[in-house]
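Inspection log for the structure reproduced underneath, given as structure tokens.
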Amino acid sequence: MGLIKDIYSVAFYENFGQAFAEVDPNFDKQKFIDAIYEGNFAQKEWKDRMKHTTVVLHQFMPENFPEAVSLIDKIIENLKKNKFTEGNLAFIFFADYIEIYGIDDFKTSAKAFVSITQFISCEFAVRPFIIKYKEKMIEEMTKWSLHENHHVRRLSSEGSRPRLPWAMAIPFLKKDPSSILPILENLKNDTSEYVRRSVANNLNDIAKDNPQIVLEIAGKWFGINKETDGIIKHGCRTLLKQGHPEILRHYGLESTNIELSNFEIKTPIVKIGDHLQFQFHLNNTNDDAKTIRLEYAVHYKKSKGHLAKKVFKISEKIYQPNQLIKVDRNQSFKIITTRVFHTGIHQLSIIINGTESEVLDFELTD
């Protein structure tokens with residue numbers, strides 16, 4: 001598998017330049033490609049290459065922003081004719097173009113987002129507009145939640161997430177998300193799973209700052225249909241991992257008479273790059289079947305010496321009376337870009353329906 005930055009290749013710019021030239025006879029494809037590769041392009045990472053492409057593209061676009069947007073629409077239509085598919089990540093610079101050069105033209109930009117997001121998602125690009133225009137932008141996005149195209153409907157939810165990963169947070173929505181709740185209400189029965197998953201992700205964001213709002217929505221939406229139930233369950237995943245009492249009661253997740261035994265760390269000393277191995281037994285000693293949400297927590301040692309807990313789900317299923325199972329599990333300590341490991345004592349615990357067991361120590365070494 002190649003590096004993500006390599007989607008911006010010579011072949012890509014040749015094909016894009018050709019599609020551009022076919023709708024604008026004045027476009028100089030070779031001059032555009034030369035401008036792309038000026039300087040230290042080879043050393044740029046993916047995001048820098050994307051931003052660089054936006055800036056270079058601007059040099060070849062009309063100075064008048066509405067005219068530039070009209071030209072982008074024509075280029076996208078030509079790309080579609082040339083078999084470029086929706087969602088091709090390389091073209092996210094179209095959304096970036098609107099974010100950078102359209103921030104002072106609300107009307108044109110809002111219309112552009114509707115068009116462009118049907119080709120490449122604009123979820124990151126809309127966020128500066130929400131921060132600048134607040135209610136005005138959210139009102140526009142509420143209209144998008146009723147749009148006939150599922151990409152536009154998803155943008156209304158995904159773009160308004162208070163804590164969208166890899167994007168700027170929206171502080172006023174973290175504090176009070178009430179203005180975006182009508183968007184989620186409009187989408188709770190959406191026919192597209194793509195949209196419904198976005199609604200769940202938005203709810204999960206809200207739950208991190210305003211859990212009571214999400215708990216109230218869960219109570220109101222529960223039982224409407226299986227799809228809406230699925231939204232609630234996925235949208236409450238952080239609350240479930242936190243063992244929030246109210247959401248545990250909502251799903252009937254009780255830990256009474258669920259017995260954990262023979263909990264053992266099989267590799268008490270683990271090298272970075274290897275796996276932690278552990279096992280335990282679980283027994284439902286109740287007289288009736290119980291739903292058991294089974295998780296484990298790794299308490300990672302951090303750079304300042306404190307421990308930080310991360311919860312991992314094992315399963316959630318029904319256990320019959322006196323059903324005894326053995327669970328064997330491995331947890332990777334392979335080096336990845338999103339986590340830094342620190343040597344020393346770490347801890348492990350088992351979580352049964354939100355109730356955490358005693359913790360066991362293990363040592364991570366070089």
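Starting from 1 in every chain, residues are counted up; chains themselves are A, B, ... following the order of the structure tokens, and ligands are numbered from 1 as listed.
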Give one line per residue of range 171-194 of chain A that approaches range 224-231 of chain A to at most 10 Å, naming the two atoms of the closest pair and their distance in Å to one decimal, counting only C-alpha atoms; sort by chain then ascending residue number and deliver it as a tab-separated table.
```
residue	atom	partner	partner_atom	distance
A:Leu187	CA	A:Thr228	CA	9.6
A:Lys188	CA	A:Thr228	CA	6.1
A:Asn189	CA	A:Thr228	CA	6.4
A:Asp190	CA	A:Glu227	CA	8.7
A:Thr191	CA	A:Glu227	CA	9.0
A:Ser192	CA	A:Glu227	CA	10.0
A:Glu193	CA	A:Glu227	CA	8.4
```
Would you put the residues from that selection into a file with C-alpha atoms, as a CSV table (one decimal), in the first residue's frame?
```
chain,number,residue,atom,x,y,z
A,187,LEU,CA,-32.2,12.6,9.9
A,188,LYS,CA,-33.1,10.0,12.6
A,189,ASN,CA,-35.1,7.9,10.1
A,190,ASP,CA,-32.9,8.5,7.1
A,191,THR,CA,-33.0,5.8,4.5
A,192,SER,CA,-29.2,5.9,4.1
A,193,GLU,CA,-27.0,4.1,6.5
```
Shell of 6 Å around range 321-326 of chain A, only C-alpha atoms, local chain residues under 6 positions omitted, as a list in words: Phe280, His281, Leu282, Asn283, Asn284, Thr285, Asn286, Asp287, Asp288 and Ala289 of chain A
Please, could you write that set of residues out with N, CA, C and O atoms as a compact mmCIF listing (two decimals), in the first residue's frame?
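Saved as result_0.txt:
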```txt
# COMPACT_ATOMS: atom_id res chain seq x y z
N PHE A 280 -9.59 -15.08 31.07
CA PHE A 280 -10.45 -15.10 32.25
C PHE A 280 -11.67 -15.98 31.95
O PHE A 280 -11.95 -16.34 30.79
N HIS A 281 -12.39 -16.33 33.01
CA HIS A 281 -13.65 -17.04 32.90
C HIS A 281 -14.80 -16.12 33.31
O HIS A 281 -14.64 -15.27 34.19
N LEU A 282 -15.95 -16.32 32.68
CA LEU A 282 -17.13 -15.52 32.98
C LEU A 282 -18.31 -16.46 33.14
O LEU A 282 -18.51 -17.37 32.32
N ASN A 283 -19.11 -16.24 34.18
CA ASN A 283 -20.24 -17.13 34.45
C ASN A 283 -21.47 -16.31 34.82
O ASN A 283 -21.42 -15.46 35.72
N ASN A 284 -22.56 -16.53 34.11
CA ASN A 284 -23.84 -15.91 34.45
C ASN A 284 -24.53 -16.80 35.47
O ASN A 284 -25.13 -17.83 35.12
N THR A 285 -24.47 -16.45 36.75
CA THR A 285 -25.07 -17.28 37.80
C THR A 285 -26.51 -16.90 38.09
O THR A 285 -27.11 -17.39 39.07
N ASN A 286 -27.07 -16.03 37.29
CA ASN A 286 -28.48 -15.67 37.45
C ASN A 286 -29.38 -16.83 37.01
O ASN A 286 -28.95 -17.74 36.28
N ASP A 287 -30.64 -16.78 37.41
CA ASP A 287 -31.60 -17.82 37.03
C ASP A 287 -32.23 -17.56 35.67
O ASP A 287 -33.00 -18.38 35.17
N ASP A 288 -31.89 -16.41 35.09
CA ASP A 288 -32.43 -16.09 33.77
C ASP A 288 -31.30 -15.57 32.88
O ASP A 288 -30.20 -15.26 33.33
N ALA A 289 -31.60 -15.51 31.59
CA ALA A 289 -30.61 -15.04 30.62
C ALA A 289 -30.32 -13.55 30.85
O ALA A 289 -31.22 -12.78 31.22
```
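Once Met50 in chain A and its same-chain neighbours fewer than 2 positions away are set aside, Ile4, Lys5, Asp6, Ile7, Tyr8, Ser9, Tyr13, Ile36, Phe41, Lys44, Glu45, Trp46, Lys47, Asp48, His52, Thr53, Thr54, Val55, Val56, Leu57, Leu89, Ala90, Phe91, Ile92, Phe93, Phe94, Ala95, Asp96 and Tyr97 of chain A remain within 12 Å of it when counting only C-alpha atoms.
Our summary of the geometry notes that CA of Trp221 in chain A is positioned 9.3 Å from CA of Glu185 in chain A.
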Neighbour list for range 343-347 of chain A as a PyMOL selection string, cut-off 7 Å, only C-alpha atoms, skip fewer than 6 positions in-chain: chain A and resi 298-301+359-366
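For the residues A:Lys175, A:Lys134, A:His306, A:Arg127, ranking by smallest atom-to-atom distance to Ser160 in chain A using only C-alpha atoms places A:Arg127 first.
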Residue neighbourhood Phe263 in chain A, 12 Å, only C-alpha atoms, exclusion window fewer than 2 positions, as a count of residues only: 25
